[in-house]
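**Student:** The structure under discussion is supplied below as structure tokens; questions concerning it will follow.
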Amino acid sequence: MALSELEFLEGDYADSDAFARRAMSAASNNPTAPEEMSARKLPAANQGEMATARRELVEALAATATEKASVNAAQAQAAFDCWMQEQEENFQPDDIAKCRADYMASMNAVRSALAPKASAAPAPAPAPAPKAPQRMAATYTVNFDFDSDQITGKASQIIAEAGLAVDEMKASTIILSGYADRAGSEAYNMKLSDRRAKAVLGALDIRSRMKIAGSTEIKVYGEKNNKKKTEDGVREAENRRVKIEIIR
């Protein structure tokens with residue numbers, strides 16, 4: 001309700017009503033889920049971080065957060081929805097930073113509440129299970145709409161998974177290869193492929209992972225090396241893509 005009132009004072013009646021409806025659902029013991037990524041037109045550079053944050057929040061709510069840390073879990077969800085709304089508007093950096101900070105603080109409390117408690121007299125530890133082999137490489141494919149370099153909701157989820165793989169593998173190299181279908185001229189498709197690769201780079205937020213990702217390389221192929229062979233001038237969704245190669 002506090003978010004609803006703030007948006008009402010700013011003249012954003014649509015978001016004010018949306019926040020109020022969520023408050024009423026929660027008061028009726030029927031709380032809504034955290035807002036879907038696809039509900040907002042978020043800047044590509046912020047989608048990876050926000051997709052990861054939403055996934056952690058949803059997993060905590062599906063576990064025992066609502067019993068073990070009900071207030072903190074509720075605050076985390078409200079702060080996430082606030083973060084989504086402010087990030088979509090993207091013109092009040094102080095408000096964006098506050099919503100994000102409130103989410104991080106609330107989720108830290110949730111993590112602490114869900115962490116296993118140390119036993120006073122722990123049982124002898126079982127023999128360690130064999131470690132799963134460390135992945136040495138991983139590949140992800142991000143597809144685009146026709147004549148577009150905009151990151152879609154589905155693409156942002158794939159990019160978020162790739163970002164987690166970068167962290168997990170302690171990657172040393174990331175290669176982003178941009179492609180286009182054969183609609184349009186060869187020169188235009190080269191430029192479009194480059195824009196697509198750079199859009200994925202921004203969404204991956206590699207700068208925050210530079211200690212892990214020592215080398216990031218962009219390759220541009222345009223309409224060459226298409227995944228699905230077509231005649232010139234043919235639109236083909238499978239060929240409008242960026243391939244993300246992660247190497248340990």
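Labels used: A, B, ... for chains in the order of the structure tokens, numbers from 1 for residues in each chain, and numbers from 1 for ligands as shown.
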Residues at most 8 Å from Leu57 of chain A, counting only C-alpha atoms, excluding those fewer than 4 positions away in the same chain, as a count of residues only?

**Tutor:** 6

**Student:** Need to verify the contact set: Thr141 of chain A, 9 Å, only C-alpha atoms, exclusion of same-chain residues closer than 2 positions in sequence. Can you return it as a PDB file with N, CA, C and O atoms, in the first residue's frame?

**Tutor:**
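That gives us out02.pdb:
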ATOM      1  N   THR A 139      27.396 -23.679 -23.789  1.00  0.00           N
ATOM      2  CA  THR A 139      26.917 -22.854 -24.903  1.00  0.00           C
ATOM      3  C   THR A 139      25.432 -22.545 -24.710  1.00  0.00           C
ATOM      4  O   THR A 139      24.655 -23.439 -24.361  1.00  0.00           O
ATOM      5  N   ASN A 143      17.726 -15.957 -29.103  1.00  0.00           N
ATOM      6  CA  ASN A 143      17.081 -15.613 -30.371  1.00  0.00           C
ATOM      7  C   ASN A 143      16.441 -14.225 -30.320  1.00  0.00           C
ATOM      8  O   ASN A 143      16.123 -13.721 -29.245  1.00  0.00           O
ATOM      9  N   ALA A 155      14.599 -14.420 -23.797  1.00  0.00           N
ATOM     10  CA  ALA A 155      16.047 -14.262 -23.968  1.00  0.00           C
ATOM     11  C   ALA A 155      16.713 -13.837 -22.671  1.00  0.00           C
ATOM     12  O   ALA A 155      17.811 -14.287 -22.344  1.00  0.00           O
ATOM     13  N   ILE A 158      17.430 -16.797 -20.512  1.00  0.00           N
ATOM     14  CA  ILE A 158      18.583 -17.574 -20.992  1.00  0.00           C
ATOM     15  C   ILE A 158      19.881 -16.859 -20.645  1.00  0.00           C
ATOM     16  O   ILE A 158      20.861 -17.478 -20.211  1.00  0.00           O
ATOM     17  N   ILE A 159      19.894 -15.537 -20.792  1.00  0.00           N
ATOM     18  CA  ILE A 159      21.097 -14.765 -20.475  1.00  0.00           C
ATOM     19  C   ILE A 159      21.407 -14.857 -18.979  1.00  0.00           C
ATOM     20  O   ILE A 159      22.576 -14.961 -18.579  1.00  0.00           O
ATOM     21  N   ARG A 241      20.100 -14.850 -34.154  1.00  0.00           N
ATOM     22  CA  ARG A 241      20.551 -15.346 -32.861  1.00  0.00           C
ATOM     23  C   ARG A 241      21.909 -14.788 -32.476  1.00  0.00           C
ATOM     24  O   ARG A 241      22.641 -14.233 -33.297  1.00  0.00           O
ATOM     25  N   VAL A 242      22.218 -14.955 -31.165  1.00  0.00           N
ATOM     26  CA  VAL A 242      23.565 -14.747 -30.638  1.00  0.00           C
ATOM     27  C   VAL A 242      23.944 -16.010 -29.865  1.00  0.00           C
ATOM     28  O   VAL A 242      23.182 -16.466 -29.001  1.00  0.00           O
ATOM     29  N   LYS A 243      25.088 -16.565 -30.200  1.00  0.00           N
ATOM     30  CA  LYS A 243      25.578 -17.745 -29.489  1.00  0.00           C
ATOM     31  C   LYS A 243      26.545 -17.300 -28.390  1.00  0.00           C
ATOM     32  O   LYS A 243      27.466 -16.539 -28.631  1.00  0.00           O
ATOM     33  N   ILE A 244      26.300 -17.777 -27.170  1.00  0.00           N
ATOM     34  CA  ILE A 244      27.147 -17.467 -26.023  1.00  0.00           C
ATOM     35  C   ILE A 244      27.997 -18.709 -25.723  1.00  0.00           C
ATOM     36  O   ILE A 244      27.455 -19.752 -25.350  1.00  0.00           O
ATOM     37  N   GLU A 245      29.290 -18.604 -25.874  1.00  0.00           N
ATOM     38  CA  GLU A 245      30.199 -19.712 -25.567  1.00  0.00           C
ATOM     39  C   GLU A 245      30.995 -19.343 -24.301  1.00  0.00           C
ATOM     40  O   GLU A 245      31.656 -18.299 -24.260  1.00  0.00           O
TER      41      GLU A 245
END

**Student:** Return the single residue from A:Ser25, A:Ser38, A:Asn225, A:Asn108 that is closest to Asn239 of chain A, with distances computed using only C-alpha atoms.

**Tutor:**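 Looking only at the distances to Asn239 of chain A, the closest residue turns out to be A:Asn225.
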
**Student:** Can you tell me, as an NGL selection string, which residues in segment 142-244 of chain A count as helix (DSSP H, G or I) by DSSP?

**Tutor:** :A and (153-169 or 186-204 or 206-209 or 237-239)

**Student:** Got a sec: who's within 12 Å of segment 81-84 of chain A, counting only C-alpha atoms, leaving out chain neighbours fewer than 6 positions off, as number ranges by chain?

**Tutor:** A: 1-4, 6-7, 15-16, 18-19, 22-23, 32-43, 46-47, 49-51, 53-54, 57, 74-75, 90, 92-104

**Student:** For the selection just defined, write its residues with N, CA and C atoms to a file, as a tab-separated table (two decimals), in the first residue's frame.

**Tutor:**
chain	number	residue	atom	x	y	z
A	1	MET	N	0.82	-1.20	0.00
A	1	MET	CA	0.00	0.00	0.00
A	1	MET	C	0.86	1.26	0.00
A	2	ALA	N	2.02	1.18	0.65
A	2	ALA	CA	2.92	2.34	0.64
A	2	ALA	C	3.38	2.64	-0.78
A	3	LEU	N	3.70	1.59	-1.56
A	3	LEU	CA	4.09	1.81	-2.96
A	3	LEU	C	2.93	2.39	-3.76
A	4	SER	N	1.73	1.91	-3.49
A	4	SER	CA	0.55	2.43	-4.19
A	4	SER	C	0.38	3.92	-3.92
A	6	LEU	N	2.66	6.12	-2.97
A	6	LEU	CA	3.74	6.91	-3.57
A	6	LEU	C	3.51	7.13	-5.06
A	7	GLU	N	3.09	6.06	-5.75
A	7	GLU	CA	2.84	6.20	-7.18
A	7	GLU	C	1.63	7.09	-7.46
A	15	ASP	N	0.11	2.14	-12.06
A	15	ASP	CA	0.91	1.36	-11.12
A	15	ASP	C	0.36	1.48	-9.70
A	16	SER	N	-0.19	2.63	-9.36
A	16	SER	CA	-0.81	2.78	-8.05
A	16	SER	C	-1.93	1.77	-7.87
A	18	ALA	N	-2.30	-1.05	-9.53
A	18	ALA	CA	-1.74	-2.41	-9.56
A	18	ALA	C	-1.18	-2.79	-8.19
A	19	PHE	N	-0.42	-1.88	-7.55
A	19	PHE	CA	0.11	-2.17	-6.22
A	19	PHE	C	-1.02	-2.34	-5.20
A	22	ARG	N	-2.55	-5.79	-5.47
A	22	ARG	CA	-1.70	-6.82	-4.87
A	22	ARG	C	-1.81	-6.80	-3.35
A	23	ALA	N	-1.90	-5.61	-2.77
A	23	ALA	CA	-2.06	-5.50	-1.32
A	23	ALA	C	-3.37	-6.14	-0.87
A	32	THR	N	-0.12	-12.53	-4.53
A	32	THR	CA	0.34	-12.75	-5.90
A	32	THR	C	1.83	-13.12	-5.90
A	33	ALA	N	2.27	-13.67	-7.02
A	33	ALA	CA	3.70	-13.97	-7.18
A	33	ALA	C	4.46	-12.69	-7.49
A	34	PRO	N	5.79	-12.67	-7.32
A	34	PRO	CA	6.57	-11.52	-7.76
A	34	PRO	C	6.30	-11.23	-9.22
A	35	GLU	N	6.35	-9.98	-9.59
A	35	GLU	CA	5.99	-9.59	-10.95
A	35	GLU	C	6.86	-10.30	-11.98
A	36	GLU	N	6.23	-10.74	-13.08
A	36	GLU	CA	6.95	-11.43	-14.15
A	36	GLU	C	7.88	-10.46	-14.87
A	37	MET	N	9.03	-10.98	-15.32
A	37	MET	CA	9.97	-10.15	-16.08
A	37	MET	C	9.31	-9.60	-17.34
A	38	SER	N	8.46	-10.40	-17.97
A	38	SER	CA	7.85	-9.99	-19.23
A	38	SER	C	6.81	-8.88	-19.06
A	39	ALA	N	6.43	-8.56	-17.80
A	39	ALA	CA	5.41	-7.54	-17.56
A	39	ALA	C	5.96	-6.13	-17.75
A	40	ARG	N	7.28	-6.00	-17.77
A	40	ARG	CA	7.90	-4.66	-17.85
A	40	ARG	C	8.89	-4.61	-19.02
A	41	LYS	N	9.02	-3.45	-19.61
A	41	LYS	CA	10.03	-3.22	-20.64
A	41	LYS	C	11.29	-2.70	-19.96
A	42	LEU	N	12.13	-3.63	-19.52
A	42	LEU	CA	13.32	-3.28	-18.75
A	42	LEU	C	14.51	-3.03	-19.67
A	43	PRO	N	15.41	-2.13	-19.27
A	43	PRO	CA	16.64	-1.93	-20.06
A	43	PRO	C	17.42	-3.23	-20.15
A	46	ASN	N	19.97	-4.32	-17.47
A	46	ASN	CA	19.54	-4.67	-16.12
A	46	ASN	C	18.80	-6.00	-16.05
A	47	GLN	N	18.50	-6.59	-17.20
A	47	GLN	CA	17.64	-7.76	-17.20
A	47	GLN	C	18.29	-8.98	-16.56
A	49	GLU	N	20.60	-9.22	-14.09
A	49	GLU	CA	20.60	-9.14	-12.63
A	49	GLU	C	19.19	-9.32	-12.07
A	50	MET	N	18.20	-8.72	-12.72
A	50	MET	CA	16.84	-8.78	-12.19
A	50	MET	C	16.24	-10.17	-12.36
A	51	ALA	N	16.56	-10.86	-13.46
A	51	ALA	CA	16.09	-12.23	-13.63
A	51	ALA	C	16.66	-13.15	-12.57
A	53	ALA	N	17.66	-12.19	-9.55
A	53	ALA	CA	17.01	-11.81	-8.29
A	53	ALA	C	15.62	-12.41	-8.19
A	54	ARG	N	14.85	-12.37	-9.28
A	54	ARG	CA	13.49	-12.92	-9.23
A	54	ARG	C	13.52	-14.42	-9.01
A	57	LEU	N	14.15	-15.14	-5.36
A	57	LEU	CA	12.98	-14.80	-4.57
A	57	LEU	C	11.89	-15.85	-4.72
A	74	ALA	N	7.97	-10.93	2.63
A	74	ALA	CA	7.00	-9.98	2.08
A	74	ALA	C	7.68	-8.67	1.68
A	75	GLN	N	8.61	-8.22	2.52
A	75	GLN	CA	9.34	-6.99	2.19
A	75	GLN	C	10.19	-7.17	0.94
A	90	ASN	N	13.07	4.21	-15.34
A	90	ASN	CA	14.50	4.47	-15.60
A	90	ASN	C	14.86	5.96	-15.68
A	92	GLN	N	14.62	7.86	-12.38
A	92	GLN	CA	14.82	8.28	-10.99
A	92	GLN	C	15.86	7.35	-10.35
A	93	PRO	N	17.15	7.63	-10.59
A	93	PRO	CA	18.19	6.69	-10.13
A	93	PRO	C	18.20	6.48	-8.62
A	94	ASP	N	17.85	7.51	-7.84
A	94	ASP	CA	17.83	7.34	-6.39
A	94	ASP	C	16.73	6.36	-5.97
A	95	ASP	N	15.56	6.45	-6.62
A	95	ASP	CA	14.46	5.54	-6.31
A	95	ASP	C	14.80	4.10	-6.73
A	96	ILE	N	15.44	3.97	-7.89
A	96	ILE	CA	15.87	2.63	-8.33
A	96	ILE	C	16.83	2.03	-7.32
A	97	ALA	N	17.81	2.83	-6.90
A	97	ALA	CA	18.82	2.34	-5.95
A	97	ALA	C	18.20	1.95	-4.62
A	98	LYS	N	17.22	2.72	-4.16
A	98	LYS	CA	16.58	2.41	-2.87
A	98	LYS	C	15.79	1.11	-2.96
A	99	CYS	N	15.00	0.94	-4.02
A	99	CYS	CA	14.23	-0.30	-4.17
A	99	CYS	C	15.16	-1.50	-4.23
A	100	ARG	N	16.26	-1.37	-4.99
A	100	ARG	CA	17.22	-2.47	-5.11
A	100	ARG	C	17.87	-2.77	-3.77
A	101	ALA	N	18.26	-1.72	-3.04
A	101	ALA	CA	18.90	-1.91	-1.74
A	101	ALA	C	17.94	-2.55	-0.74
A	102	ASP	N	16.66	-2.13	-0.77
A	102	ASP	CA	15.65	-2.74	0.12
A	102	ASP	C	15.48	-4.22	-0.20
A	103	TYR	N	15.49	-4.56	-1.49
A	103	TYR	CA	15.37	-5.97	-1.87
A	103	TYR	C	16.57	-6.77	-1.34
A	104	MET	N	17.78	-6.25	-1.57
A	104	MET	CA	18.99	-6.96	-1.14
A	104	MET	C	19.00	-7.16	0.38

**Student:** For the atom pair atom CA of Glu217 of chain A and atom CA of Gly153 of chain A, what is the interatomic distance in Å to one decimal place?

**Tutor:** 24.2 Å

**Student:** When you count only C-alpha atoms, which of these residues is closest to Ile218 of chain A: A:Ala237, A:Val142, A:Leu201, A:Ala109?

**Tutor:**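 Ranked by minimum distance to Ile218 of chain A, first place goes to A:Leu201.
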
**Student:** Quick check, in Å to one decimal: how far apart do atom CA of Thr66 of chain A and atom CA of Leu114 of chain A lie?

**Tutor:**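 Atom CA of Leu114 of chain A lies 10.3 Å from atom CA of Thr66 of chain A.
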
**Student:** Could you tell me how far atom CA of Ala69 of chain A sits from atom CA of Gly163 of chain A, in Å to one decimal place?

**Tutor:** 28.0 Å

**Student:** Mind the document's chain letters and residue numbers, and return as a ChimeraX atom specification the residues of segment 34-184 of chain A that DSSP labels strand (DSSP E or B).

**Tutor:** /A:137-143,173-179

**Student:** Using only C-alpha atoms, which of A:Ala160, A:Ala44, A:Ala127, A:Val110 sits nearest Arg196 of chain A?

**Tutor:**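 For Arg196 of chain A, the nearest of the candidates is A:Ala44.
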
**Student:** I'd like the neighbourhood of Lys229 of chain A as a PyMOL selection string, where a residue qualifies if any of its atoms comes within 10 Å (using only C-alpha atoms), though same-chain residues fewer than 6 positions away should be ignored.

**Tutor:** chain A and resi 181-182+223+236+238-239

**Student:** Tell me which of A:Asp17, A:Glu56, A:Asp12, A:Asp147 sits closest to Leu164 of chain A, counting only C-alpha atoms.

**Tutor:**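 With only C-alpha atoms as the atom set, the closest residue is A:Glu56.
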